Structure formats: structure tokens, C-alpha cells
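K.L.:
Input file: work.pdb. Contents: PDB, C-alpha atoms.
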```pdb
ATOM      1  CA  MET A  57     179.053 107.234  61.737  1.00  0.00           C
ATOM      2  CA  ALA A  58     181.424 109.973  62.900  1.00  0.00           C
ATOM      3  CA  ARG A  59     184.180 108.828  65.199  1.00  0.00           C
ATOM      4  CA  HIS A  60     185.019 111.087  68.120  1.00  0.00           C
ATOM      5  CA  GLU A  61     188.226 111.030  70.113  1.00  0.00           C
ATOM      6  CA  ARG A  62     186.635 110.695  73.522  1.00  0.00           C
ATOM      7  CA  PRO A  63     188.312 109.553  76.749  1.00  0.00           C
ATOM      8  CA  LEU A  64     186.919 106.237  77.939  1.00  0.00           C
ATOM      9  CA  SER A  65     187.511 107.071  81.563  1.00  0.00           C
ATOM     10  CA  PRO A  66     188.133 110.509  83.078  1.00  0.00           C
ATOM     11  CA  PHE A  67     190.551 109.225  85.691  1.00  0.00           C
ATOM     12  CA  MET A  68     193.489 111.152  84.166  1.00  0.00           C
ATOM     13  CA  GLN A  69     191.855 114.519  84.660  1.00  0.00           C
ATOM     14  CA  TYR A  70     191.215 114.584  88.389  1.00  0.00           C
ATOM     15  CA  ARG A  71     193.383 115.923  91.166  1.00  0.00           C
ATOM     16  CA  TRP A  72     194.959 113.101  93.156  1.00  0.00           C
ATOM     17  CA  LEU A  73     193.043 112.460  96.373  1.00  0.00           C
ATOM     18  CA  TYR A  74     192.814 109.709  98.971  1.00  0.00           C
ATOM     19  CA  SER A  75     189.537 108.661  97.358  1.00  0.00           C
ATOM     20  CA  ASN A  76     191.054 107.998  93.898  1.00  0.00           C
ATOM     21  CA  THR A  77     193.789 105.927  95.535  1.00  0.00           C
ATOM     22  CA  LEU A  78     191.275 103.795  97.429  1.00  0.00           C
ATOM     23  CA  SER A  79     189.116 103.488  94.321  1.00  0.00           C
ATOM     24  CA  ILE A  80     191.931 102.402  92.021  1.00  0.00           C
ATOM     25  CA  LEU A  81     193.154 100.009  94.727  1.00  0.00           C
ATOM     26  CA  HIS A  82     189.704  98.399  94.678  1.00  0.00           C
ATOM     27  CA  ARG A  83     190.102  97.694  90.959  1.00  0.00           C
ATOM     28  CA  LEU A  84     193.731  96.668  91.302  1.00  0.00           C
ATOM     29  CA  THR A  85     193.013  94.216  94.130  1.00  0.00           C
ATOM     30  CA  GLY A  86     190.046  92.916  92.130  1.00  0.00           C
ATOM     31  CA  ILE A  87     192.339  92.153  89.195  1.00  0.00           C
ATOM     32  CA  LEU A  88     194.884  90.511  91.530  1.00  0.00           C
ATOM     33  CA  LEU A  89     192.100  88.399  93.040  1.00  0.00           C
ATOM     34  CA  SER A  90     191.303  87.028  89.574  1.00  0.00           C
ATOM     35  CA  GLY A  91     194.786  85.502  89.770  1.00  0.00           C
ATOM     36  CA  GLY A  92     193.997  84.368  93.311  1.00  0.00           C
ATOM     37  CA  PHE A  93     190.916  82.567  91.973  1.00  0.00           C
ATOM     38  CA  LEU A  94     193.127  80.651  89.526  1.00  0.00           C
ATOM     39  CA  LEU A  95     195.446  79.702  92.423  1.00  0.00           C
ATOM     40  CA  LEU A  96     192.436  78.422  94.403  1.00  0.00           C
ATOM     41  CA  VAL A  97     191.401  76.299  91.418  1.00  0.00           C
ATOM     42  CA  TYR A  98     194.980  75.046  90.978  1.00  0.00           C
ATOM     43  CA  TRP A  99     195.086  74.028  94.662  1.00  0.00           C
ATOM     44  CA  LEU A 100     191.814  72.074  94.369  1.00  0.00           C
ATOM     45  CA  VAL A 101     192.679  70.458  91.029  1.00  0.00           C
ATOM     46  CA  ALA A 102     196.075  69.385  92.404  1.00  0.00           C
ATOM     47  CA  ALA A 103     194.341  67.868  95.448  1.00  0.00           C
ATOM     48  CA  ALA A 104     191.874  65.987  93.227  1.00  0.00           C
ATOM     49  CA  ARG A 105     194.700  64.646  91.034  1.00  0.00           C
ATOM     50  CA  GLY A 106     196.267  62.838  93.966  1.00  0.00           C
ATOM     51  CA  PRO A 107     199.166  62.939  96.460  1.00  0.00           C
ATOM     52  CA  GLU A 108     201.980  63.489  93.949  1.00  0.00           C
ATOM     53  CA  SER A 109     200.540  66.536  92.224  1.00  0.00           C
ATOM     54  CA  TYR A 110     199.321  67.851  95.582  1.00  0.00           C
ATOM     55  CA  GLU A 111     202.832  67.649  97.010  1.00  0.00           C
ATOM     56  CA  ARG A 112     204.090  69.528  93.952  1.00  0.00           C
ATOM     57  CA  ALA A 113     201.456  72.217  94.478  1.00  0.00           C
ATOM     58  CA  LEU A 114     202.274  72.574  98.182  1.00  0.00           C
ATOM     59  CA  SER A 115     206.004  72.899  97.563  1.00  0.00           C
ATOM     60  CA  CYS A 116     205.225  75.430  94.845  1.00  0.00           C
ATOM     61  CA  PHE A 117     203.093  77.424  97.308  1.00  0.00           C
ATOM     62  CA  ALA A 118     205.850  77.150  99.949  1.00  0.00           C
ATOM     63  CA  SER A 119     208.497  78.780  97.716  1.00  0.00           C
ATOM     64  CA  ILE A 120     209.505  82.324  98.639  1.00  0.00           C
ATOM     65  CA  PRO A 121     208.141  84.012  95.471  1.00  0.00           C
ATOM     66  CA  MET A 122     204.808  82.216  95.853  1.00  0.00           C
ATOM     67  CA  GLN A 123     204.645  83.158  99.536  1.00  0.00           C
ATOM     68  CA  VAL A 124     204.969  86.782  98.463  1.00  0.00           C
ATOM     69  CA  VAL A 125     202.244  86.256  95.845  1.00  0.00           C
ATOM     70  CA  LEU A 126     199.983  84.544  98.400  1.00  0.00           C
ATOM     71  CA  ALA A 127     200.512  87.355 100.903  1.00  0.00           C
ATOM     72  CA  GLY A 128     199.591  89.825  98.152  1.00  0.00           C
ATOM     73  CA  VAL A 129     196.482  87.845  97.265  1.00  0.00           C
ATOM     74  CA  LEU A 130     195.514  87.623 100.951  1.00  0.00           C
ATOM     75  CA  TRP A 131     195.874  91.383 101.408  1.00  0.00           C
ATOM     76  CA  SER A 132     193.965  91.944  98.155  1.00  0.00           C
ATOM     77  CA  TRP A 133     191.118  89.840  99.508  1.00  0.00           C
ATOM     78  CA  CYS A 134     191.073  91.680 102.836  1.00  0.00           C
ATOM     79  CA  TYR A 135     191.136  95.097 101.170  1.00  0.00           C
ATOM     80  CA  HIS A 136     188.591  94.238  98.455  1.00  0.00           C
ATOM     81  CA  PHE A 137     186.316  92.620 101.058  1.00  0.00           C
ATOM     82  CA  LEU A 138     186.412  95.578 103.477  1.00  0.00           C
ATOM     83  CA  ASN A 139     186.280  98.295 100.820  1.00  0.00           C
ATOM     84  CA  GLY A 140     183.521  96.338  99.071  1.00  0.00           C
ATOM     85  CA  ILE A 141     181.416  96.550 102.231  1.00  0.00           C
ATOM     86  CA  ARG A 142     182.097 100.316 102.174  1.00  0.00           C
ATOM     87  CA  HIS A 143     180.846 100.448  98.598  1.00  0.00           C
ATOM     88  CA  LEU A 144     177.738  98.412  99.466  1.00  0.00           C
ATOM     89  CA  CYS A 145     176.979 100.857 102.295  1.00  0.00           C
ATOM     90  CA  TRP A 146     177.246 103.727  99.823  1.00  0.00           C
ATOM     91  CA  ASP A 147     174.895 101.903  97.472  1.00  0.00           C
ATOM     92  CA  VAL A 148     172.171 102.007 100.119  1.00  0.00           C
ATOM     93  CA  GLY A 149     173.006 105.631 100.938  1.00  0.00           C
ATOM     94  CA  ILE A 150     175.056 105.197 104.119  1.00  0.00           C
ATOM     95  CA  GLY A 151     178.311 107.048 104.804  1.00  0.00           C
ATOM     96  CA  PHE A 152     178.434 109.284 101.760  1.00  0.00           C
ATOM     97  CA  GLU A 153     179.312 112.457 103.718  1.00  0.00           C
ATOM     98  CA  PRO A 154     182.913 113.538 102.942  1.00  0.00           C
ATOM     99  CA  GLY A 155     184.073 113.307 106.550  1.00  0.00           C
ATOM    100  CA  ILE A 156     182.609 109.841 107.088  1.00  0.00           C
ATOM    101  CA  ALA A 157     183.793 108.601 103.682  1.00  0.00           C
ATOM    102  CA  ARG A 158     187.291 109.823 104.521  1.00  0.00           C
ATOM    103  CA  ALA A 159     187.280 108.176 107.941  1.00  0.00           C
ATOM    104  CA  SER A 160     185.913 104.880 106.585  1.00  0.00           C
ATOM    105  CA  GLY A 161     188.577 104.981 103.870  1.00  0.00           C
ATOM    106  CA  TRP A 162     191.360 105.213 106.431  1.00  0.00           C
ATOM    107  CA  ALA A 163     189.653 102.574 108.569  1.00  0.00           C
ATOM    108  CA  VAL A 164     189.481 100.187 105.600  1.00  0.00           C
ATOM    109  CA  ALA A 165     193.134 100.766 104.675  1.00  0.00           C
ATOM    110  CA  ILE A 166     194.379 100.095 108.207  1.00  0.00           C
ATOM    111  CA  ALA A 167     191.934  97.268 108.937  1.00  0.00           C
ATOM    112  CA  SER A 168     192.944  95.489 105.713  1.00  0.00           C
ATOM    113  CA  LEU A 169     196.570  95.355 106.892  1.00  0.00           C
ATOM    114  CA  VAL A 170     195.569  94.155 110.368  1.00  0.00           C
ATOM    115  CA  LEU A 171     193.190  91.518 108.965  1.00  0.00           C
ATOM    116  CA  THR A 172     195.896  90.329 106.551  1.00  0.00           C
ATOM    117  CA  ALA A 173     198.387  89.912 109.397  1.00  0.00           C
ATOM    118  CA  VAL A 174     195.854  88.064 111.566  1.00  0.00           C
ATOM    119  CA  LEU A 175     194.755  85.706 108.754  1.00  0.00           C
ATOM    120  CA  TRP A 176     198.365  85.074 107.705  1.00  0.00           C
ATOM    121  CA  LEU A 177     199.314  84.053 111.254  1.00  0.00           C
ATOM    122  CA  VAL A 178     196.164  81.955 111.726  1.00  0.00           C
ATOM    123  CA  LEU A 179     196.692  80.146 108.415  1.00  0.00           C
ATOM    124  CA  GLN A 180     200.377  79.427 109.033  1.00  0.00           C
ATOM    125  CA  GLY A 181     199.478  75.763 109.614  1.00  0.00           C
ATOM    126  CA  GLY A 182     200.149  75.405 105.886  1.00  0.00           C
ATOM    127  CA  PRO A 183     199.785  77.411 102.697  1.00  0.00           C
ATOM    128  CA  GLY A 184     196.247  76.935 101.428  1.00  0.00           C
ATOM    129  CA  GLY A 185     194.651  77.867  98.141  1.00  0.00           C
ATOM    130  CA  ALA A 186     194.131  81.550  98.659  1.00  0.00           C
ATOM    131  CA  ALA A 187     196.271  82.022 101.716  1.00  0.00           C
TER     132      ALA A 187
ATOM    133  CA  MET B 152     163.387  93.640  91.939  1.00  0.00           C
ATOM    134  CA  SER B 153     163.926  96.160  89.181  1.00  0.00           C
ATOM    135  CA  LEU B 154     165.732  99.503  89.360  1.00  0.00           C
ATOM    136  CA  GLU B 155     164.774 100.490  85.818  1.00  0.00           C
ATOM    137  CA  SER B 156     162.403 103.366  85.156  1.00  0.00           C
ATOM    138  CA  PRO B 157     159.254 102.616  83.119  1.00  0.00           C
ATOM    139  CA  LEU B 158     160.778 104.429  80.145  1.00  0.00           C
ATOM    140  CA  GLY B 159     164.053 102.581  80.624  1.00  0.00           C
ATOM    141  CA  ARG B 160     162.128  99.315  80.690  1.00  0.00           C
ATOM    142  CA  VAL B 161     160.393 100.185  77.428  1.00  0.00           C
ATOM    143  CA  LEU B 162     163.698 101.058  75.786  1.00  0.00           C
ATOM    144  CA  GLY B 163     165.227  98.100  77.546  1.00  0.00           C
ATOM    145  CA  LEU B 164     168.885  98.849  77.020  1.00  0.00           C
ATOM    146  CA  GLY B 165     170.346 102.116  78.291  1.00  0.00           C
ATOM    147  CA  SER B 166     173.871 103.267  77.514  1.00  0.00           C
ATOM    148  CA  ALA B 167     175.370 100.038  78.843  1.00  0.00           C
ATOM    149  CA  LYS B 168     172.922  98.158  76.545  1.00  0.00           C
ATOM    150  CA  GLU B 169     171.694  96.008  79.423  1.00  0.00           C
ATOM    151  CA  GLY B 170     169.994  98.363  81.864  1.00  0.00           C
ATOM    152  CA  SER B 171     170.855  97.935  85.540  1.00  0.00           C
ATOM    153  CA  ARG B 172     171.328  94.167  85.328  1.00  0.00           C
ATOM    154  CA  HIS B 173     175.128  94.265  85.512  1.00  0.00           C
ATOM    155  CA  TRP B 174     175.143  96.777  88.375  1.00  0.00           C
ATOM    156  CA  TYR B 175     172.705  94.686  90.398  1.00  0.00           C
ATOM    157  CA  ALA B 176     174.425  91.362  89.674  1.00  0.00           C
ATOM    158  CA  GLN B 177     177.779  92.821  90.718  1.00  0.00           C
ATOM    159  CA  ARG B 178     176.357  93.724  94.134  1.00  0.00           C
ATOM    160  CA  LEU B 179     174.396  90.498  94.564  1.00  0.00           C
ATOM    161  CA  SER B 180     177.474  88.399  93.775  1.00  0.00           C
ATOM    162  CA  ALA B 181     179.571  90.645  96.057  1.00  0.00           C
ATOM    163  CA  ILE B 182     177.328  89.842  99.029  1.00  0.00           C
ATOM    164  CA  ALA B 183     177.456  86.128  98.204  1.00  0.00           C
ATOM    165  CA  VAL B 184     181.247  86.132  97.827  1.00  0.00           C
ATOM    166  CA  ALA B 185     181.696  88.122 101.052  1.00  0.00           C
ATOM    167  CA  ILE B 186     179.651  85.615 103.088  1.00  0.00           C
ATOM    168  CA  LEU B 187     181.190  82.548 101.431  1.00  0.00           C
ATOM    169  CA  GLY B 188     184.664  84.115 101.729  1.00  0.00           C
ATOM    170  CA  ILE B 189     184.296  84.508 105.496  1.00  0.00           C
ATOM    171  CA  TRP B 190     183.189  80.883 105.706  1.00  0.00           C
ATOM    172  CA  PHE B 191     186.145  79.764 103.558  1.00  0.00           C
ATOM    173  CA  PHE B 192     188.786  81.458 105.719  1.00  0.00           C
ATOM    174  CA  VAL B 193     187.171  80.281 108.959  1.00  0.00           C
ATOM    175  CA  ALA B 194     187.033  76.725 107.553  1.00  0.00           C
ATOM    176  CA  LEU B 195     190.631  76.935 106.311  1.00  0.00           C
ATOM    177  CA  ALA B 196     191.798  78.140 109.721  1.00  0.00           C
ATOM    178  CA  GLY B 197     189.910  75.256 111.342  1.00  0.00           C
ATOM    179  CA  LEU B 198     191.600  72.683 109.093  1.00  0.00           C
ATOM    180  CA  ASP B 199     194.853  72.857 111.082  1.00  0.00           C
ATOM    181  CA  GLY B 200     197.076  72.438 108.033  1.00  0.00           C
ATOM    182  CA  VAL B 201     196.211  71.549 104.469  1.00  0.00           C
ATOM    183  CA  ALA B 202     197.538  67.988 104.228  1.00  0.00           C
ATOM    184  CA  LEU B 203     195.631  66.046 101.561  1.00  0.00           C
ATOM    185  CA  ASP B 204     193.826  63.763 104.036  1.00  0.00           C
ATOM    186  CA  ARG B 205     192.619  66.813 105.957  1.00  0.00           C
ATOM    187  CA  VAL B 206     191.284  68.438 102.795  1.00  0.00           C
ATOM    188  CA  ARG B 207     189.567  65.174 101.816  1.00  0.00           C
ATOM    189  CA  ALA B 208     188.035  64.816 105.290  1.00  0.00           C
ATOM    190  CA  TRP B 209     186.887  68.442 105.165  1.00  0.00           C
ATOM    191  CA  LEU B 210     185.152  67.997 101.793  1.00  0.00           C
ATOM    192  CA  ASP B 211     183.639  64.714 102.951  1.00  0.00           C
ATOM    193  CA  SER B 212     181.069  66.960 104.629  1.00  0.00           C
ATOM    194  CA  PRO B 213     178.273  67.711 102.127  1.00  0.00           C
ATOM    195  CA  LEU B 214     177.887  71.202 103.615  1.00  0.00           C
ATOM    196  CA  ALA B 215     181.556  72.088 103.045  1.00  0.00           C
ATOM    197  CA  ALA B 216     181.495  70.693  99.493  1.00  0.00           C
ATOM    198  CA  THR B 217     178.282  72.584  98.716  1.00  0.00           C
ATOM    199  CA  LEU B 218     179.592  75.887 100.063  1.00  0.00           C
ATOM    200  CA  LEU B 219     182.929  75.453  98.257  1.00  0.00           C
ATOM    201  CA  LEU B 220     181.074  74.818  94.978  1.00  0.00           C
ATOM    202  CA  LEU B 221     179.010  77.946  95.600  1.00  0.00           C
ATOM    203  CA  LEU B 222     182.158  79.914  96.432  1.00  0.00           C
ATOM    204  CA  ILE B 223     183.815  78.842  93.174  1.00  0.00           C
ATOM    205  CA  SER B 224     180.776  79.660  91.029  1.00  0.00           C
ATOM    206  CA  THR B 225     179.937  83.006  92.654  1.00  0.00           C
ATOM    207  CA  LEU B 226     183.634  83.962  92.653  1.00  0.00           C
ATOM    208  CA  ALA B 227     183.829  83.252  88.914  1.00  0.00           C
ATOM    209  CA  TRP B 228     180.609  85.215  88.336  1.00  0.00           C
ATOM    210  CA  HIS B 229     181.791  88.217  90.380  1.00  0.00           C
ATOM    211  CA  THR B 230     185.222  88.122  88.695  1.00  0.00           C
ATOM    212  CA  ILE B 231     183.678  88.048  85.214  1.00  0.00           C
ATOM    213  CA  LEU B 232     181.478  91.056  86.050  1.00  0.00           C
ATOM    214  CA  GLY B 233     184.427  92.978  87.527  1.00  0.00           C
ATOM    215  CA  LEU B 234     186.960  92.240  84.788  1.00  0.00           C
ATOM    216  CA  GLN B 235     184.276  93.082  82.225  1.00  0.00           C
ATOM    217  CA  VAL B 236     184.084  96.623  83.617  1.00  0.00           C
ATOM    218  CA  VAL B 237     187.883  96.959  83.689  1.00  0.00           C
ATOM    219  CA  ILE B 238     188.185  95.815  80.055  1.00  0.00           C
ATOM    220  CA  GLU B 239     185.307  98.029  78.918  1.00  0.00           C
ATOM    221  CA  ASP B 240     186.848 101.046  80.668  1.00  0.00           C
ATOM    222  CA  TYR B 241     190.447 100.747  79.546  1.00  0.00           C
ATOM    223  CA  VAL B 242     190.483  98.928  76.191  1.00  0.00           C
ATOM    224  CA  GLY B 243     189.629 101.372  73.430  1.00  0.00           C
ATOM    225  CA  SER B 244     189.769  99.251  70.303  1.00  0.00           C
ATOM    226  CA  ARG B 245     186.426  97.547  69.704  1.00  0.00           C
ATOM    227  CA  GLY B 246     187.902  94.409  68.214  1.00  0.00           C
ATOM    228  CA  LEU B 247     190.449  93.878  70.969  1.00  0.00           C
ATOM    229  CA  ARG B 248     187.842  94.703  73.611  1.00  0.00           C
ATOM    230  CA  LEU B 249     185.443  92.095  72.269  1.00  0.00           C
ATOM    231  CA  ALA B 250     188.214  89.513  71.970  1.00  0.00           C
ATOM    232  CA  LEU B 251     189.379  90.151  75.546  1.00  0.00           C
ATOM    233  CA  LEU B 252     185.819  90.016  76.904  1.00  0.00           C
ATOM    234  CA  ILE B 253     185.128  86.694  75.213  1.00  0.00           C
ATOM    235  CA  GLY B 254     188.524  85.222  76.123  1.00  0.00           C
ATOM    236  CA  MET B 255     188.230  86.365  79.744  1.00  0.00           C
ATOM    237  CA  LYS B 256     184.749  84.862  80.123  1.00  0.00           C
ATOM    238  CA  PHE B 257     185.774  81.566  78.515  1.00  0.00           C
ATOM    239  CA  ALA B 258     188.877  81.347  80.738  1.00  0.00           C
ATOM    240  CA  LEU B 259     186.971  82.001  83.968  1.00  0.00           C
ATOM    241  CA  VAL B 260     184.146  79.593  83.153  1.00  0.00           C
ATOM    242  CA  LEU B 261     186.790  76.973  82.271  1.00  0.00           C
ATOM    243  CA  ALA B 262     188.581  77.587  85.589  1.00  0.00           C
ATOM    244  CA  ALA B 263     185.305  77.420  87.515  1.00  0.00           C
ATOM    245  CA  ALA B 264     184.341  74.154  85.809  1.00  0.00           C
ATOM    246  CA  ALA B 265     187.760  72.636  86.571  1.00  0.00           C
ATOM    247  CA  GLY B 266     187.472  73.747  90.197  1.00  0.00           C
ATOM    248  CA  ALA B 267     183.951  72.346  90.499  1.00  0.00           C
ATOM    249  CA  ILE B 268     185.001  68.974  89.081  1.00  0.00           C
ATOM    250  CA  ALA B 269     187.936  68.905  91.504  1.00  0.00           C
ATOM    251  CA  VAL B 270     185.659  69.609  94.477  1.00  0.00           C
ATOM    252  CA  LEU B 271     183.215  66.913  93.325  1.00  0.00           C
ATOM    253  CA  ARG B 272     186.012  64.371  92.928  1.00  0.00           C
ATOM    254  CA  LEU B 273     187.331  65.154  96.415  1.00  0.00           C
ATOM    255  CA  ALA B 274     183.848  65.190  97.947  1.00  0.00           C
ATOM    256  CA  LEU B 275     182.749  61.916  96.343  1.00  0.00           C
ATOM    257  CA  GLY B 276     186.079  60.216  97.051  1.00  0.00           C
ATOM    258  CA  VAL B 277     186.921  59.472  93.412  1.00  0.00           C
ATOM    259  CA  PRO B 278     190.339  57.772  93.452  1.00  0.00           C
ATOM    260  CA  ALA B 279     193.044  59.917  91.834  1.00  0.00           C
TER     261      ALA B 279
END
```
Please re-express this file's structure in C-alpha cells.

P.N.:
Amino acid sequence: MARHERPLSPFMQYRWLYSNTLSILHRLTGILLSGGFLLLVYWLVAAARGPESYERALSCFASIPMQVVLAGVLWSWCYHFLNGIRHLCWDVGIGFEPGIARASGWAVAIASLVLTAVLWLVLQGGPGGAA
Amino acid sequence: MSLESPLGRVLGLGSAKEGSRHWYAQRLSAIAVAILGIWFFVALAGLDGVALDRVRAWLDSPLAATLLLLLISTLAWHTILGLQVVIEDYVGSRGLRLALLIGMKFALVLAAAAGAIAVLRLALGVPA
């Protein structure tokens, strides 16, 4: 069988637009959330293992680097959640018009930051699994 | 519900070799994760801190334990479907792609199983 040098994904060939940024952010946050899933599992496993390992997990989550990671995971969830709803609307044919898609893109970007800030403040009672 | 055309159904595979199954499952799991995710953050906010006794008391409720189990399994499912697309799009070498796909799926199912056992232990009050 002949082998052809074909690009797997044409993302390198397009002009940079707001829509590519939002689209690649959806993938990027999705990949980050895979790590967030492992943190959620770690939190639960530590809790099931008893007080000592749970204390270790909580102090690990409370460290500055992990707080940064948790904030990143929280924002990733907010963005992926909101932009995912945008994608689901597109899938049923709603909001495809360029003007509306542009406006909803900006709305998602801003709302994700607001939602992250709100959730972060609400969850300050203690660092949980994904937040 | 099927999105495949009659011809597509006869051929069965399509270019992705699995018809629209992946596309549909990605959306179905997205809706599940979105709903369960909202519940999770609302529940977490209602916990008022994540001290171990609070987490235990929370998961003492069969509803919370059930929903957390569903969150873990649908999250793993949605993550597998998403990472599968990322690997298929960006990894060119067939051997490496297959190895990454298998390794990624094994790792996520392992994580989901560990999380599920942890939730069950907490919910059923198994001593640590």
C-alpha cells in the first residue's frame, strides 16, 4: 500500500482567529481535566485510606504549587463546561451564525473567568478534589 | 437512536471505522458529566470544608454515593473518548498511536476503578 505524506490535522494551515483559539482551548482544558480527574481520584482514595493519608493529601493540596494547579483545573472545568454547552447547541443547529458564534465565544471566555472566581471563593472552606 | 445512513449501516464502519458511535457517545457523556459536575460543585460548596468526617457524612447518603460513582464513571468515559480524539489527531506513528490509546484507556479505567472502590469504602464505612 502506498504511503502518502498527509497532514493529520489541518490546524497549521488556517489564519489565526478567535474561533481557533477557543477551539484549541477546549482541547487543552480537556487534557488538563484528565489530570484533574486523577486528582479527584487521589482525593477520594486518600480519604478512604484513613486520616493519616487524608491529612497528607490535604496538605499537598494546600501547597502553593498545588493551589495554582487546582485553580487551573477549576478554570479548565468552567471553560470546558461552558464551551461544551456552546458545542452542544451547535450540534442541534443553534447559534451557528458568525455573529452569534463570535458573541457566544466572548461570553464563554468571560463567564469562565467569573465562574472560576465565584467557585474558588465559595470552595475556600478547604481544598477539595477538583477545586 | 441512529445517525447512520442506510448505506452507512450496511457498510457499518465509515472512515473512523465505527460510524457515528464515538460522536454520539461523546455528546451523551458530555451531558451526563455537565449535570453531575454541577451537582458535585454544589455538594462540595455545601460541605463547608472537606474534613474527613464531613466527607464520610456526605457519602453516608446513598444518593451522594450513587451520584459520585456515576460522576467518576462518566468522567472516565468522557475523558477516554476525548483523549482518544487528541491522540488520533496528533500522533502520526501507528505503533505509538496504538500504544498510547491502549495505555491511556487502561490508565483511566484503573483510575476510575480505584475511585469507585474509594467511594464504596467511604459510603459503606469500611474502616481504613

K.L.:
Can you spell out as a list of chain:residue names the set of residues that the PyMOL selection byres ((chain B and resi 200-205) around 9) selects in the structure I just provided?

P.N.:
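Residues picked by the PyMOL selection byres ((chain B and resi 200-205) around 9): A:Ala103, A:Gly106, A:Pro107, A:Tyr110, A:Glu111, A:Leu114, A:Leu179, A:Gln180, A:Gly181, A:Gly182, A:Pro183, A:Gly184, B:Leu195, B:Ala196, B:Gly197, B:Leu198, B:Asp199, B:Val206, B:Arg207, B:Ala208, B:Trp209, B:Leu210.
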
K.L.:
What residues in chain B lie within 8 Å of chain A, counting only C-alpha atoms, written as a PyMOL selection string?

P.N.:
chain B and resi 178+181+185+192+195-196+199-201+203+206+226-227+230+233-234+237+240-241+243+262-263+265-266+269-270+272-273+278-279

K.L.:
Quick one, how far is CA of Arg172 in chain B from CA of Glu239 in chain B?

P.N.:
15.9 Å

K.L.:
Work out how far CA of Ser224 in chain B is from CA of Ser180 in chain B, in Å to one decimal.

P.N.:
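Calculated distance between CA of Ser180 in chain B and CA of Ser224 in chain B is 9.7 Å.
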
K.L.:
Counting only C-alpha atoms, find residues at most 12 Å from (174.5, 85.0, 97.2) (file frame) and give them as an MDAnalysis selection string.

P.N.:
chainID B and resid 175:188 218 221:226 228:229

K.L.:
Please produce a file of those selected residues containing C-alpha atoms, as a PDB file, in the frame of the given file.

P.N.:
```pdb
ATOM      1  CA  TYR B 175     172.705  94.686  90.398  1.00  0.00           C
ATOM      2  CA  ALA B 176     174.425  91.362  89.674  1.00  0.00           C
ATOM      3  CA  GLN B 177     177.779  92.821  90.718  1.00  0.00           C
ATOM      4  CA  ARG B 178     176.357  93.724  94.134  1.00  0.00           C
ATOM      5  CA  LEU B 179     174.396  90.498  94.564  1.00  0.00           C
ATOM      6  CA  SER B 180     177.474  88.399  93.775  1.00  0.00           C
ATOM      7  CA  ALA B 181     179.571  90.645  96.057  1.00  0.00           C
ATOM      8  CA  ILE B 182     177.328  89.842  99.029  1.00  0.00           C
ATOM      9  CA  ALA B 183     177.456  86.128  98.204  1.00  0.00           C
ATOM     10  CA  VAL B 184     181.247  86.132  97.827  1.00  0.00           C
ATOM     11  CA  ALA B 185     181.696  88.122 101.052  1.00  0.00           C
ATOM     12  CA  ILE B 186     179.651  85.615 103.088  1.00  0.00           C
ATOM     13  CA  LEU B 187     181.190  82.548 101.431  1.00  0.00           C
ATOM     14  CA  GLY B 188     184.664  84.115 101.729  1.00  0.00           C
ATOM     15  CA  LEU B 218     179.592  75.887 100.063  1.00  0.00           C
ATOM     16  CA  LEU B 221     179.010  77.946  95.600  1.00  0.00           C
ATOM     17  CA  LEU B 222     182.158  79.914  96.432  1.00  0.00           C
ATOM     18  CA  ILE B 223     183.815  78.842  93.174  1.00  0.00           C
ATOM     19  CA  SER B 224     180.776  79.660  91.029  1.00  0.00           C
ATOM     20  CA  THR B 225     179.937  83.006  92.654  1.00  0.00           C
ATOM     21  CA  LEU B 226     183.634  83.962  92.653  1.00  0.00           C
ATOM     22  CA  TRP B 228     180.609  85.215  88.336  1.00  0.00           C
ATOM     23  CA  HIS B 229     181.791  88.217  90.380  1.00  0.00           C
TER      24      HIS B 229
END
```

K.L.:
Neighbouring residues of Ser79 in chain A were defined as those with any atom within 12 Å, considering only C-alpha atoms; residues of the same chain fewer than 3 positions away were excluded. Please report them as a list in words.

P.N.:
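Listed by chain and then number, they are Phe67, Trp72, Leu73, Tyr74, Ser75, Asn76, His82, Arg83, Leu84, Thr85, Gly86, Tyr135, His136, Asn139, Gly140, Arg142, His143, Ala157, Gly161, Val164 and Ala165 of chain A.
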
K.L.:
For a test of reading the model, state the distance in Å between CA of Val161 in chain B and CA of Gln235 in chain B, rounded to one decimal.

P.N.:
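Interatomic distance here is 25.4 Å.
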
K.L.:
Of the residues B:Ile238, B:Ile231, B:Ser244, B:Ser156, which is the one nearest to Ala258 in chain B, using only C-alpha atoms?

P.N.:
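The closest residue to Ala258 in chain B is B:Ile231.
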